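*Asks:* Got a structure for you, input_20.txt, holding compact mmCIF, C-alpha atoms.
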```txt
# COMPACT_ATOMS: atom_id res chain seq x y z
CA MET A 11 209.39 103.66 79.18
CA ASN A 12 210.59 105.05 82.51
CA TRP A 13 211.60 102.92 85.51
CA ALA A 14 208.29 103.32 87.34
CA GLU A 15 206.47 102.06 84.24
CA ARG A 16 208.89 99.13 84.00
CA ALA A 17 208.17 98.25 87.63
CA ALA A 18 204.43 98.45 87.04
CA GLN A 19 204.78 96.14 84.06
CA HIS A 20 206.73 93.61 86.13
CA ASP A 21 204.08 93.74 88.86
CA ALA A 22 201.30 93.22 86.32
CA GLN A 23 203.06 90.08 85.05
CA ASP A 24 203.96 88.76 88.50
CA ALA A 25 202.29 85.40 89.14
CA LEU A 26 202.76 85.86 92.90
CA ALA A 27 201.49 89.45 93.10
CA GLY A 28 198.25 88.36 94.75
CA PHE A 29 200.09 87.25 97.87
CA ARG A 30 201.04 90.84 98.79
CA SER A 31 197.51 91.60 99.99
CA GLN A 32 197.85 88.85 102.58
CA PHE A 33 200.41 90.82 104.60
CA ALA A 34 199.70 93.58 107.10
CA GLY A 35 200.86 97.02 106.00
CA HIS A 36 201.29 96.13 102.34
CA ASP A 37 199.27 99.21 101.31
CA ASP A 38 200.42 101.63 104.01
CA PRO A 39 201.17 104.96 102.28
CA ALA A 40 203.52 105.89 105.12
CA VAL A 41 205.82 103.01 104.07
CA PRO A 42 206.09 103.15 100.28
CA ALA A 43 209.03 100.72 100.20
CA TYR A 44 209.82 98.04 102.77
CA LEU A 45 213.01 96.28 101.69
CA ASP A 46 214.02 94.70 104.97
CA GLY A 47 212.12 91.44 104.80
CA ASN A 48 215.36 89.49 105.23
CA SER A 49 215.70 91.00 108.70
CA LEU A 50 212.04 91.02 109.72
CA GLY A 51 209.28 89.85 107.42
CA ARG A 52 205.90 91.54 107.31
CA PRO A 53 203.17 89.92 109.44
CA PRO A 54 200.84 87.56 107.57
CA LEU A 55 197.31 88.88 108.09
CA ALA A 56 196.13 85.38 108.96
CA ALA A 57 198.35 85.39 112.05
CA LYS A 58 196.06 87.92 113.76
CA GLN A 59 193.07 85.55 113.70
CA ARG A 60 195.24 82.59 114.60
CA TRP A 61 196.52 84.37 117.70
CA ALA A 62 193.00 85.39 118.65
CA ASP A 63 191.78 81.82 118.26
CA PHE A 64 194.71 80.54 120.30
CA VAL A 65 193.98 82.90 123.19
CA GLU A 66 190.24 82.23 123.12
CA THR A 67 190.09 78.53 122.31
CA GLU A 68 193.38 76.76 123.00
CA TRP A 69 194.97 78.71 125.85
CA GLY A 70 191.75 80.19 127.23
CA GLY A 71 189.52 77.19 126.61
CA ARG A 72 191.72 74.16 127.05
CA LEU A 73 194.21 75.68 129.52
CA ILE A 74 196.81 73.19 130.79
CA ARG A 75 195.14 70.41 128.82
CA GLY A 76 196.70 71.96 125.71
CA TRP A 77 199.97 70.16 126.44
CA ASP A 78 198.28 66.78 126.00
CA GLU A 79 196.34 68.02 122.96
CA GLY A 80 199.19 69.17 120.73
CA TRP A 81 201.50 71.63 122.43
CA PHE A 82 203.97 69.00 123.62
CA ALA A 83 204.35 67.66 120.09
CA LYS A 84 204.43 71.07 118.39
CA PRO A 85 208.25 71.49 118.26
CA LEU A 86 208.45 68.30 116.18
CA ALA A 87 205.22 68.78 114.21
CA LEU A 88 206.14 72.31 113.13
CA GLY A 89 209.70 71.19 112.48
CA ASP A 90 208.42 68.50 110.10
CA ARG A 91 206.29 71.06 108.31
CA ILE A 92 209.21 73.47 107.84
CA ALA A 93 211.34 70.56 106.67
CA ALA A 94 208.83 69.46 104.04
CA ALA A 95 208.06 72.93 102.71
CA THR A 96 211.50 74.53 102.75
CA LEU A 97 214.37 72.22 103.74
CA GLY A 98 214.13 69.17 101.52
CA ALA A 99 214.24 67.00 104.63
CA ALA A 100 212.27 63.94 105.68
CA ALA A 101 210.20 63.95 108.86
CA GLY A 102 211.73 63.35 112.27
CA GLN A 103 214.90 65.43 111.82
CA THR A 104 213.82 69.01 112.57
CA ILE A 105 212.55 70.77 115.70
CA VAL A 106 211.48 74.32 116.56
CA GLY A 107 211.94 75.96 119.91
CA ASP A 108 215.12 77.93 120.71
CA SER A 109 216.80 80.98 119.21
CA THR A 110 219.27 80.55 116.35
CA THR A 111 222.10 81.29 118.77
CA VAL A 112 221.09 78.52 121.17
CA SER A 113 220.43 76.12 118.29
CA LEU A 114 223.87 76.69 116.76
CA TYR A 115 225.47 76.31 120.18
CA LYS A 116 223.79 72.91 120.58
CA LEU A 117 224.78 71.76 117.11
CA VAL A 118 228.44 72.78 117.28
CA HIS A 119 228.74 71.02 120.65
CA ALA A 120 227.02 67.92 119.24
CA ALA A 121 229.43 67.86 116.29
CA LEU A 122 232.44 68.20 118.60
CA ALA A 123 231.17 65.41 120.82
CA ALA A 124 230.97 63.20 117.74
CA ARG A 125 234.61 64.00 116.88
CA PRO A 126 236.28 64.00 120.34
CA ASP A 127 239.76 63.26 119.00
CA ARG A 128 239.85 66.32 116.72
CA SER A 129 240.98 69.78 117.78
CA GLU A 130 239.88 72.32 115.17
CA ILE A 131 236.73 74.31 114.38
CA VAL A 132 236.52 76.10 111.03
CA VAL A 133 234.52 79.31 110.50
CA ASP A 134 234.79 82.31 108.17
CA ARG A 135 235.43 85.88 109.30
CA GLY A 136 232.57 87.08 107.09
CA ASN A 137 230.01 84.96 108.90
CA PHE A 138 227.25 86.53 110.99
CA PRO A 139 228.60 87.74 114.37
CA THR A 140 226.59 85.19 116.39
CA ASP A 141 228.17 82.30 114.48
CA ARG A 142 231.67 83.64 115.07
CA TYR A 143 231.01 84.47 118.72
CA ILE A 144 229.63 80.99 119.38
CA VAL A 145 232.71 79.37 117.90
CA GLU A 146 235.01 81.64 119.90
CA GLY A 147 233.24 80.76 123.14
CA ILE A 148 233.07 77.03 122.48
CA ALA A 149 236.72 76.93 121.40
CA ARG A 150 237.71 78.70 124.61
CA ASP A 151 235.62 76.40 126.79
CA THR A 152 236.67 73.14 125.12
CA GLY A 153 240.30 73.90 124.31
CA ARG A 154 239.74 73.73 120.55
CA THR A 155 241.59 75.81 117.95
CA ILE A 156 239.81 78.01 115.41
CA ARG A 157 240.83 77.91 111.77
CA TRP A 158 239.61 81.09 110.07
CA ILE A 159 238.61 81.51 106.43
CA ASP A 160 239.01 85.04 105.06
CA VAL A 161 236.64 86.23 102.33
CA GLU A 162 236.51 89.44 100.34
CA LEU A 163 233.68 91.95 100.67
CA GLY A 164 230.98 90.97 98.21
CA ALA A 165 232.03 87.35 98.08
CA GLY A 166 231.57 84.19 100.13
CA VAL A 167 233.14 80.88 101.06
CA THR A 168 233.93 78.50 98.19
CA PRO A 169 234.83 74.79 98.24
CA ASP A 170 238.46 75.72 97.49
CA ASP A 171 238.50 78.04 100.52
CA VAL A 172 237.34 75.19 102.73
CA VAL A 173 239.70 72.58 101.28
CA ALA A 174 242.61 74.93 101.97
CA VAL A 175 242.03 74.90 105.75
CA ILE A 176 240.58 71.49 106.61
CA GLY A 177 242.59 68.41 107.53
CA ASP A 178 242.86 65.49 109.91
CA GLN A 179 242.21 67.76 112.92
CA THR A 180 238.99 69.29 111.55
CA ALA A 181 236.11 68.43 113.86
CA VAL A 182 233.41 70.80 112.63
CA VAL A 183 232.94 73.51 110.01
CA LEU A 184 230.30 76.21 110.63
CA LEU A 185 229.24 78.19 107.55
CA SER A 186 226.24 80.11 106.21
CA HIS A 187 224.37 78.92 103.14
CA VAL A 188 223.77 82.55 102.12
CA ALA A 189 226.21 85.19 103.36
CA PHE A 190 224.36 87.72 105.49
CA ARG A 191 226.05 90.73 103.94
CA SER A 192 226.83 89.92 100.32
CA GLY A 193 224.08 87.38 99.63
CA PHE A 194 226.62 84.92 98.19
CA VAL A 195 225.22 81.38 97.96
CA ALA A 196 227.65 78.71 99.13
CA ASP A 197 227.95 75.37 97.35
CA VAL A 198 226.52 73.30 100.18
CA PRO A 199 226.83 69.82 98.63
CA ALA A 200 230.41 70.35 97.43
CA ILE A 201 231.61 71.84 100.72
CA THR A 202 229.81 69.21 102.78
CA ALA A 203 231.37 66.44 100.70
CA ALA A 204 234.85 67.95 101.09
CA VAL A 205 234.52 68.16 104.87
CA HIS A 206 233.24 64.58 105.05
CA GLU A 207 236.21 63.46 102.95
CA ALA A 208 238.45 64.99 105.62
CA GLY A 209 236.50 63.19 108.35
CA GLY A 210 234.76 66.27 109.78
CA LEU A 211 231.16 67.39 110.18
CA VAL A 212 229.37 70.53 108.93
CA VAL A 213 226.86 72.85 110.59
CA TRP A 214 225.00 75.07 108.12
CA ASP A 215 223.35 78.37 109.08
CA LEU A 216 220.25 78.74 106.88
CA CYS A 217 218.97 82.06 108.25
CA HIS A 218 219.23 83.93 104.95
CA SER A 219 218.16 81.08 102.69
CA VAL A 220 215.23 79.28 104.32
CA GLY A 221 211.97 80.27 102.67
CA VAL A 222 213.57 82.01 99.68
CA LEU A 223 215.91 79.40 98.11
CA PRO A 224 215.29 75.72 97.43
CA ILE A 225 217.21 73.66 100.02
CA GLU A 226 217.84 69.90 99.90
CA LEU A 227 219.40 68.95 103.23
CA ASP A 228 218.85 65.21 102.89
CA ALA A 229 220.09 65.02 99.31
CA TRP A 230 223.10 67.22 100.07
CA GLY A 231 224.24 65.00 102.94
CA VAL A 232 224.10 67.82 105.50
CA ASP A 233 224.89 66.81 109.09
CA PHE A 234 223.42 69.69 111.07
CA ALA A 235 221.62 72.95 110.22
CA ALA A 236 219.77 75.77 111.94
CA GLY A 237 217.90 78.89 110.89
CA CYS A 238 215.62 81.63 112.12
CA SER A 239 211.93 82.07 111.35
CA TYR A 240 211.41 85.84 111.42
CA LYS A 241 212.92 86.64 108.01
CA TYR A 242 211.41 84.82 105.03
CA LEU A 243 209.27 82.63 107.30
CA ASN A 244 207.63 85.77 108.78
CA GLY A 245 207.16 84.39 112.28
CA GLY A 246 207.51 87.79 113.93
CA PRO A 247 210.18 89.39 116.14
CA GLY A 248 211.74 86.80 118.40
CA ALA A 249 209.98 83.87 116.74
CA PRO A 250 211.81 80.61 117.54
CA ALA A 251 214.41 79.07 115.28
CA PHE A 252 214.58 75.53 113.93
CA LEU A 253 217.40 73.02 113.98
CA TYR A 254 218.00 69.94 111.84
CA VAL A 255 220.00 66.85 112.76
CA ARG A 256 220.50 64.18 110.12
CA ALA A 257 218.84 60.94 111.20
CA GLU A 258 222.06 58.94 111.16
CA HIS A 259 223.46 61.16 113.94
CA HIS A 260 220.50 60.83 116.32
CA GLU A 261 221.50 57.74 118.25
CA LEU A 262 224.88 59.06 119.41
CA ALA A 263 224.13 62.79 119.35
CA GLN A 264 224.87 64.66 122.56
CA GLN A 265 223.55 68.16 123.06
CA PRO A 266 224.80 70.38 125.89
CA ILE A 267 221.56 71.87 127.25
CA GLN A 268 219.86 68.95 128.95
CA GLY A 269 216.30 69.96 129.75
CA TRP A 270 213.18 68.18 130.88
CA MET A 271 211.45 68.15 127.50
CA GLY A 272 214.26 66.31 125.74
CA VAL A 273 214.05 63.11 127.77
CA ARG A 274 212.33 59.75 127.22
CA ASP A 275 209.43 60.60 129.52
CA SER A 276 209.17 64.27 130.42
CA PHE A 277 206.27 63.83 132.82
CA GLU A 278 207.87 61.01 134.78
CA MET A 279 210.11 63.71 136.30
CA GLY A 280 212.86 61.10 136.51
CA PRO A 281 215.95 61.28 138.72
CA VAL A 282 218.50 61.30 135.87
CA TYR A 283 218.69 62.61 132.31
CA GLU A 284 217.85 59.94 129.75
CA PRO A 285 217.74 61.47 126.26
CA ALA A 286 214.68 60.84 124.12
CA GLU A 287 214.86 58.80 120.96
CA GLY A 288 215.37 60.73 117.75
CA ILE A 289 215.28 64.47 117.26
CA ARG A 290 213.35 65.17 120.49
CA ARG A 291 216.60 64.82 122.41
CA PHE A 292 217.53 68.25 121.01
CA VAL A 293 214.56 69.89 122.75
CA SER A 294 215.59 71.47 126.06
CA GLY A 295 213.01 73.53 127.94
CA THR A 296 209.36 74.40 127.48
CA PRO A 297 208.82 75.48 123.86
CA PRO A 298 207.29 78.91 123.03
CA VAL A 299 204.01 77.58 121.67
CA ASN A 300 202.37 80.98 121.17
CA ALA A 301 205.44 82.23 119.27
CA MET A 302 205.03 79.50 116.66
CA ILE A 303 201.68 80.78 115.40
CA GLY A 304 203.09 83.34 112.97
CA ILE A 305 205.31 80.71 111.38
CA GLU A 306 202.30 78.47 110.78
CA ALA A 307 200.44 81.31 109.08
CA MET A 308 203.37 82.00 106.76
CA LEU A 309 203.90 78.34 105.94
CA ASP A 310 200.35 78.28 104.56
CA LEU A 311 201.46 80.87 102.00
CA VAL A 312 204.82 79.25 101.25
CA GLU A 313 203.16 75.90 100.66
CA GLU A 314 200.56 77.49 98.38
CA ALA A 315 203.10 79.42 96.32
CA GLY A 316 205.78 76.72 96.23
CA ILE A 317 209.45 77.30 96.91
CA GLY A 318 210.32 77.02 93.21
CA ALA A 319 208.03 79.93 92.26
CA ILE A 320 209.29 81.91 95.26
CA ARG A 321 212.87 81.50 94.09
CA GLU A 322 211.91 82.47 90.54
CA LYS A 323 210.43 85.76 91.75
CA SER A 324 213.36 86.34 94.09
CA VAL A 325 215.73 86.16 91.14
CA ALA A 326 213.51 88.53 89.14
CA LEU A 327 213.44 91.05 92.01
CA THR A 328 217.20 91.01 92.52
CA GLU A 329 217.83 91.20 88.77
CA PHE A 330 215.61 94.27 88.60
CA ALA A 331 217.43 95.80 91.57
CA ILE A 332 220.78 95.31 89.85
CA GLU A 333 219.42 96.74 86.61
CA LEU A 334 218.32 99.83 88.54
CA TYR A 335 221.69 99.97 90.30
CA ASP A 336 223.53 100.00 86.97
CA ALA A 337 221.38 102.82 85.61
CA LEU A 338 220.87 105.01 88.67
CA LEU A 339 223.54 104.29 91.28
CA ALA A 340 226.72 103.09 89.61
CA PRO A 341 227.28 106.53 87.98
CA SER A 342 227.39 108.03 91.49
CA GLY A 343 230.16 105.71 92.59
CA VAL A 344 228.01 103.19 94.43
CA GLU A 345 229.61 99.74 94.61
CA LEU A 346 227.66 96.55 94.07
CA THR A 347 228.84 94.14 96.79
CA SER A 348 226.61 91.20 95.91
CA PRO A 349 227.18 88.67 93.11
CA ARG A 350 225.83 89.54 89.67
CA ASP A 351 225.34 85.87 88.86
CA ALA A 352 221.88 84.85 90.09
CA ALA A 353 223.08 81.27 90.54
CA VAL A 354 225.25 82.37 93.47
CA ARG A 355 223.08 85.25 94.70
CA GLY A 356 220.47 84.84 97.43
CA GLY A 357 217.40 86.96 98.12
CA HIS A 358 219.09 90.27 98.88
CA VAL A 359 221.37 92.78 97.17
CA THR A 360 223.95 94.91 98.99
CA ILE A 361 225.33 98.19 97.73
CA ASP A 362 228.03 100.35 99.35
CA HIS A 363 228.81 104.06 99.36
CA GLU A 364 230.54 106.31 101.87
CA ARG A 365 227.43 108.49 102.20
CA PHE A 366 225.06 105.64 103.07
CA PRO A 367 225.58 105.83 106.86
CA ALA A 368 224.11 109.35 106.80
CA LEU A 369 221.50 108.62 104.13
CA ILE A 370 219.88 105.64 105.83
CA GLY A 371 218.22 107.81 108.49
CA GLU A 372 216.65 110.02 105.83
CA LEU A 373 215.28 107.00 104.00
CA TRP A 374 213.72 105.51 107.10
CA SER A 375 212.11 108.83 108.03
CA GLU A 376 210.33 108.77 104.66
CA GLY A 377 209.15 105.17 105.02
CA VAL A 378 211.77 103.83 102.61
CA ILE A 379 213.18 101.02 104.73
CA PRO A 380 216.15 99.01 103.55
CA ASP A 381 218.73 97.59 105.96
CA PHE A 382 222.17 98.96 106.85
CA ARG A 383 225.29 96.84 107.24
CA PRO A 384 228.65 98.34 108.29
CA PRO A 385 230.80 99.88 107.21
CA ALA A 386 228.75 101.61 104.51
CA GLY A 387 226.32 99.11 103.05
CA ILE A 388 222.62 99.33 102.26
CA ARG A 389 221.11 95.86 102.03
CA LEU A 390 218.00 95.52 99.90
CA GLY A 391 216.05 92.59 101.32
CA LEU A 392 213.46 91.48 98.79
CA SER A 393 210.87 89.09 100.19
CA PRO A 394 209.14 87.53 97.18
CA LEU A 395 205.63 87.09 98.56
CA SER A 396 205.36 90.58 100.05
CA THR A 397 207.70 92.79 97.99
CA SER A 398 206.60 94.47 94.76
CA PHE A 399 208.76 95.64 91.90
CA ALA A 400 207.35 99.12 92.47
CA GLU A 401 208.85 99.12 95.97
CA VAL A 402 212.26 98.24 94.55
CA GLU A 403 212.06 101.04 91.98
CA HIS A 404 210.87 103.59 94.53
CA ALA A 405 213.63 102.77 96.99
CA ILE A 406 216.51 102.81 94.53
CA SER A 407 215.24 105.98 92.85
CA ARG A 408 215.08 107.61 96.28
CA ILE A 409 218.64 106.51 97.08
CA ALA A 410 219.81 107.97 93.78
CA ALA A 411 218.03 111.26 94.55
CA GLY A 412 219.66 111.37 97.98
CA LEU A 413 223.12 110.96 96.51
CA ALA A 414 222.43 113.64 93.90
CA ARG A 415 221.84 116.31 96.54
```
Could you render the structure from this file as structure tokens?
*Replies:*
Amino acid sequence: MNWAERAAQHDAQDALAGFRSQFAGHDDPAVPAYLDGNSLGRPPLAAKQRWADFVETEWGGRLIRGWDEGWFAKPLALGDRIAAATLGAAAGQTIVGDSTTVSLYKLVHAALAARPDRSEIVVDRGNFPTDRYIVEGIARDTGRTIRWIDVELGAGVTPDDVVAVIGDQTAVVLLSHVAFRSGFVADVPAITAAVHEAGGLVVWDLCHSVGVLPIELDAWGVDFAAGCSYKYLNGGPGAPAFLYVRAEHHELAQQPIQGWMGVRDSFEMGPVYEPAEGIRRFVSGTPPVNAMIGIEAMLDLVEEAGIGAIREKSVALTEFAIELYDALLAPSGVELTSPRDAAVRGGHVTIDHERFPALIGELWSEGVIPDFRPPAGIRLGLSPLSTSFAEVEHAISRIAAGLAR
């Protein structure tokens, strides 16, 4: 049996295969392989009708009355829905509204305000640039010191790495659940417990795990978390992020962007800032209501499929990608820079070769669309509800052919 036949067999046995037809462009012959769903997910077809209904009925029909009829509450209502479907979190701890960058900025500041007598922020050099840049800026502005964790290419932060740098001056640790380049899955409960033992707080970036891995924020004791919605939650380019604040931190939590929608009575237009009770105090300005529609459409599918089944297919897709790598790419000197162990591998697989910077343009021109990550990595982002095994086979076979020329 050749690889294309193997892929077809996997697709025929795939319990989630029927979901592919619910995404725009899934059968576009000009794009035979879209493996970048962990950067921008395909649009759910249902979002088109939802947007049309919103323009015609809610925005067009109800006009400003929409704020009293659901828009004002939407950051919390949608946050609760994301929490229940993907975060393992009880209601009243999650909101939607800002970008990931702004959300992380708020959370790191809130954690520092809760530990005013501590001077250090911990972050790893392999973290996504935004996370590192935020820490650098906040450290500069608040006079804090950064403690860096160094990780090898293809790896991620372990509990031992964290224990080695934390101490009685650790205020906050900012880490990613799934490393954006390697796909390494961090041990959230163990790291969180270690930081708590040292008296610090943890902010987790969930951008590359939400919607593709089971997450249990409440059970894991997580303090703060944030993540985007345009990857595995398929909210569309620029869709707003979510942030989570554990209930026990609400009463004393201070966030740095004090806006009119995070107060006790927004429409009183009061003379001073009085933060709202609970998670609403982390809302700042007017939320992007129309930008939340795509997320709602995708959550319908996530809830129907179930995060457990989504993770099961994710593992199957990445296992197949690694099997193809071993057969077709390793002989050409391509390096696998993601974990082989599925238990510590997220929803994407990264491979590296010195010729990939030149090859990526050729692939895109043919509608074979993986991601590129410097210095020479191709990242295969496999979104379980919209990616087929045939797409994985086609893309890796095409990469192999490109290297053979």
*Asks:* Got a sec to check which residues sit within 10 Å of (218.6, 113.9, 103.3), counting all atoms listed in the file, and write them as a ChimeraX atom specification?
*Replies:* /A:368-373,375-376,409,411-413,415
*Asks:* Which value, in Å to one decimal, gives the distance between CA of Ala337 (chain A) and CA of Pro380 (chain A)?
*Replies:*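 For CA of Ala337 (chain A) relative to CA of Pro380 (chain A), the distance reads 19.1 Å.
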*Asks:* Which is closer to Ala123 (chain A) than all the others in A:Arg52, A:His36, A:Lys84, A:Arg154, using all atoms listed in the file?
*Replies:* A:Arg154
*Asks:* Report as CSV the residues of region 25-110 of chain A within 7 Å of region 226-242 of chain A, each with its shortest atom pair and distance in Å (one decimal), using only C-alpha atoms, ordered by chain and increasing residue number.
*Replies:*
```
residue,atom,partner,partner_atom,distance
A:Gly47,CA,A:Lys241,CA,5.8
A:Asn48,CA,A:Lys241,CA,4.7
A:Ser49,CA,A:Lys241,CA,5.2
A:Leu50,CA,A:Lys241,CA,4.8
A:Gly51,CA,A:Lys241,CA,4.9
A:Leu97,CA,A:Glu226,CA,5.7
A:Gly98,CA,A:Glu226,CA,4.1
A:Ala99,CA,A:Asp228,CA,5.2
A:Thr110,CA,A:Cys238,CA,5.7
```
*Asks:* Just want the 8 Å neighbourhood of Ile176 (chain A), counted on all atoms listed in the file, with same-chain residues fewer than 3 positions away dropped. Output as a PyMOL selection string.
*Replies:* chain A and resi 132+172-173+179-180+205+208
*Asks:* Measuring atom to atom with all atoms listed in the file, identify which of A:Leu114, A:Val167, A:Ala22, A:Ala83 is nearest to Met271 (chain A).
*Replies:*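 Ranked by minimum distance to Met271 (chain A), first place goes to A:Ala83.
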*Asks:* May I have the residues within 12 Å of Gly280 (chain A) as a ChimeraX atom specification, using all atoms listed in the file and disregarding those fewer than 4 positions away in the same chain?
*Replies:* /A:269-271,273-276,284-285
*Asks:* Please identify all polymer residues lying at most 9 Å from the point (195.9, 86.3, 106.7) (file coordinates), using only C-alpha atoms, and present the result as a list of chain:residue names.
*Replies:*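 Every residue inside that radius is included here: A:Ser31, A:Gln32, A:Phe33, A:Ala34, A:Pro53, A:Pro54, A:Leu55, A:Ala56, A:Ala57, A:Lys58, A:Gln59, A:Arg60, A:Ala307, A:Met308.
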*Asks:* Include C-alpha atoms and write out the residues we just selected as an mmCIF file, in the coordinates of the input.
*Replies:*
```cif
data_model
loop_
_atom_site.group_PDB
_atom_site.id
_atom_site.type_symbol
_atom_site.label_atom_id
_atom_site.label_comp_id
_atom_site.auth_asym_id
_atom_site.auth_seq_id
_atom_site.Cartn_x
_atom_site.Cartn_y
_atom_site.Cartn_z
ATOM 1 C CA SER A 31 197.510 91.600 99.990
ATOM 2 C CA GLN A 32 197.850 88.850 102.580
ATOM 3 C CA PHE A 33 200.410 90.820 104.600
ATOM 4 C CA ALA A 34 199.700 93.580 107.100
ATOM 5 C CA PRO A 53 203.170 89.920 109.440
ATOM 6 C CA PRO A 54 200.840 87.560 107.570
ATOM 7 C CA LEU A 55 197.310 88.880 108.090
ATOM 8 C CA ALA A 56 196.130 85.380 108.960
ATOM 9 C CA ALA A 57 198.350 85.390 112.050
ATOM 10 C CA LYS A 58 196.060 87.920 113.760
ATOM 11 C CA GLN A 59 193.070 85.550 113.700
ATOM 12 C CA ARG A 60 195.240 82.590 114.600
ATOM 13 C CA ALA A 307 200.440 81.310 109.080
ATOM 14 C CA MET A 308 203.370 82.000 106.760
#
```
*Asks:* Restricting the calculation to only C-alpha atoms: of A:Gly248, A:Pro281, A:Gly28, A:Pro85, which residue gets closest to Gly102 (chain A)?
*Replies:*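 The answer is A:Pro85, which sits nearest to Gly102 (chain A).
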*Asks:* I'd like to know which of A:Ile225, A:Ala410, A:Leu88, A:Val354 is closest to Val299 (chain A), using only C-alpha atoms.
*Replies:*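 Of A:Ile225, A:Ala410, A:Leu88, A:Val354, the one nearest Val299 (chain A) is A:Leu88, counting only C-alpha atoms.
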*Asks:* In Å, with one decimal, what is the gap from CA of Lys116 (chain A) to CA of Asp381 (chain A)?
*Replies:*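 Computing the Euclidean distance for CA of Lys116 (chain A) and CA of Asp381 (chain A) yields 29.1 Å.
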*Asks:* At what distance in Å, to one decimal, does CA of Ser192 (chain A) lie from CA of Pro250 (chain A)?
*Replies:*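 Computed distance, CA of Pro250 (chain A) to CA of Ser192 (chain A), equals 24.7 Å.
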*Asks:* Need the shell around region 313-318 of chain A: protein/DNA/RNA residues with any atom at most 7 Å away, counting only C-alpha atoms. Skip same-chain ones fewer than 3 positions apart. Format as number ranges by chain?
*Replies:* A: 95-96, 221-224, 309-310, 321-322
*Asks:* Take the residues just selected and output them with C-alpha atoms as a PDB file, in the frame of the given file.
*Replies:*
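What ended up in result_14.pdb:
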```pdb
ATOM      1  CA  ALA A  95     208.060  72.930 102.710  1.00  0.00           C
ATOM      2  CA  THR A  96     211.500  74.530 102.750  1.00  0.00           C
ATOM      3  CA  GLY A 221     211.970  80.270 102.670  1.00  0.00           C
ATOM      4  CA  VAL A 222     213.570  82.010  99.680  1.00  0.00           C
ATOM      5  CA  LEU A 223     215.910  79.400  98.110  1.00  0.00           C
ATOM      6  CA  PRO A 224     215.290  75.720  97.430  1.00  0.00           C
ATOM      7  CA  LEU A 309     203.900  78.340 105.940  1.00  0.00           C
ATOM      8  CA  ASP A 310     200.350  78.280 104.560  1.00  0.00           C
ATOM      9  CA  ARG A 321     212.870  81.500  94.090  1.00  0.00           C
ATOM     10  CA  GLU A 322     211.910  82.470  90.540  1.00  0.00           C
TER      11      GLU A 322
END
```
*Asks:* Each residue of region 41-104 of chain A lying at most 8 Å from region 252-257 of chain A should get a row with its shortest atom-to-atom pair and the distance in Å to one decimal, counting all atoms listed in the file; could you produce that, ordered by chain and increasing number, as a Markdown table?
*Replies:*
```
| residue | atom | partner | partner_atom | distance |
| --- | --- | --- | --- | --- |
| A:Gly89 | CA | A:Phe252 | CA | 6.7 |
| A:Gly102 | CA | A:Ala257 | CA | 7.6 |
| A:Gln103 | CA | A:Val255 | CA | 5.4 |
| A:Thr104 | CA | A:Tyr254 | CA | 4.3 |
```
*Asks:* If you count all atoms listed in the file, which residues fall within 8 Å of Phe194 (chain A), apart from same-chain ones fewer than 2 positions away, as a list of chain:residue names?
*Replies:* A:Gly164, A:Ala165, A:Gly166, A:Val188, A:Ala189, A:Ser192, A:Ala196, A:Ser348, A:Pro349, A:Val354, A:Arg355, A:Gly356
*Asks:* Return as lines of an AutoDock Vina configuration file the centre and edge lengths, in Å with one decimal, of the box along x, y and z that encloses every atom of region 268-283 of chain A in the file, padded by 3 Å per side.
*Replies:*
```
center_x = 213.1
center_y = 64.9
center_z = 132.2
size_x = 19.6
size_y = 16.2
size_z = 19.0
```
*Asks:* List as a PyMOL selection string the protein and nucleic acid residues near Leu334 (chain A), meaning an atom at most 9 Å away when only C-alpha atoms are counted, but skip any in the same chain fewer than 3 places from it.
*Replies:* chain A and resi 13+329-331+337-339+402-403+406-407
*Asks:* Those residues with C-alpha atoms, as an mmCIF file, keeping the file's coordinate frame please?
*Replies:*
```
data_model
loop_
_atom_site.group_PDB
_atom_site.id
_atom_site.type_symbol
_atom_site.label_atom_id
_atom_site.label_comp_id
_atom_site.auth_asym_id
_atom_site.auth_seq_id
_atom_site.Cartn_x
_atom_site.Cartn_y
_atom_site.Cartn_z
ATOM 1 C CA TRP A 13 211.600 102.920 85.510
ATOM 2 C CA GLU A 329 217.830 91.200 88.770
ATOM 3 C CA PHE A 330 215.610 94.270 88.600
ATOM 4 C CA ALA A 331 217.430 95.800 91.570
ATOM 5 C CA ALA A 337 221.380 102.820 85.610
ATOM 6 C CA LEU A 338 220.870 105.010 88.670
ATOM 7 C CA LEU A 339 223.540 104.290 91.280
ATOM 8 C CA VAL A 402 212.260 98.240 94.550
ATOM 9 C CA GLU A 403 212.060 101.040 91.980
ATOM 10 C CA ILE A 406 216.510 102.810 94.530
ATOM 11 C CA SER A 407 215.240 105.980 92.850
#
```
*Asks:* Which one is closest to Ala340 (chain A): A:Glu287, A:Ala87, A:Asp362, A:Val133? Count only C-alpha atoms.
*Replies:* A:Asp362
*Asks:* So which one's closest to Asp171 (chain A), A:Ile201, A:Ala301, A:Ala27, A:Ala149? Using all atoms listed in the file, please.
*Replies:* A:Ile201
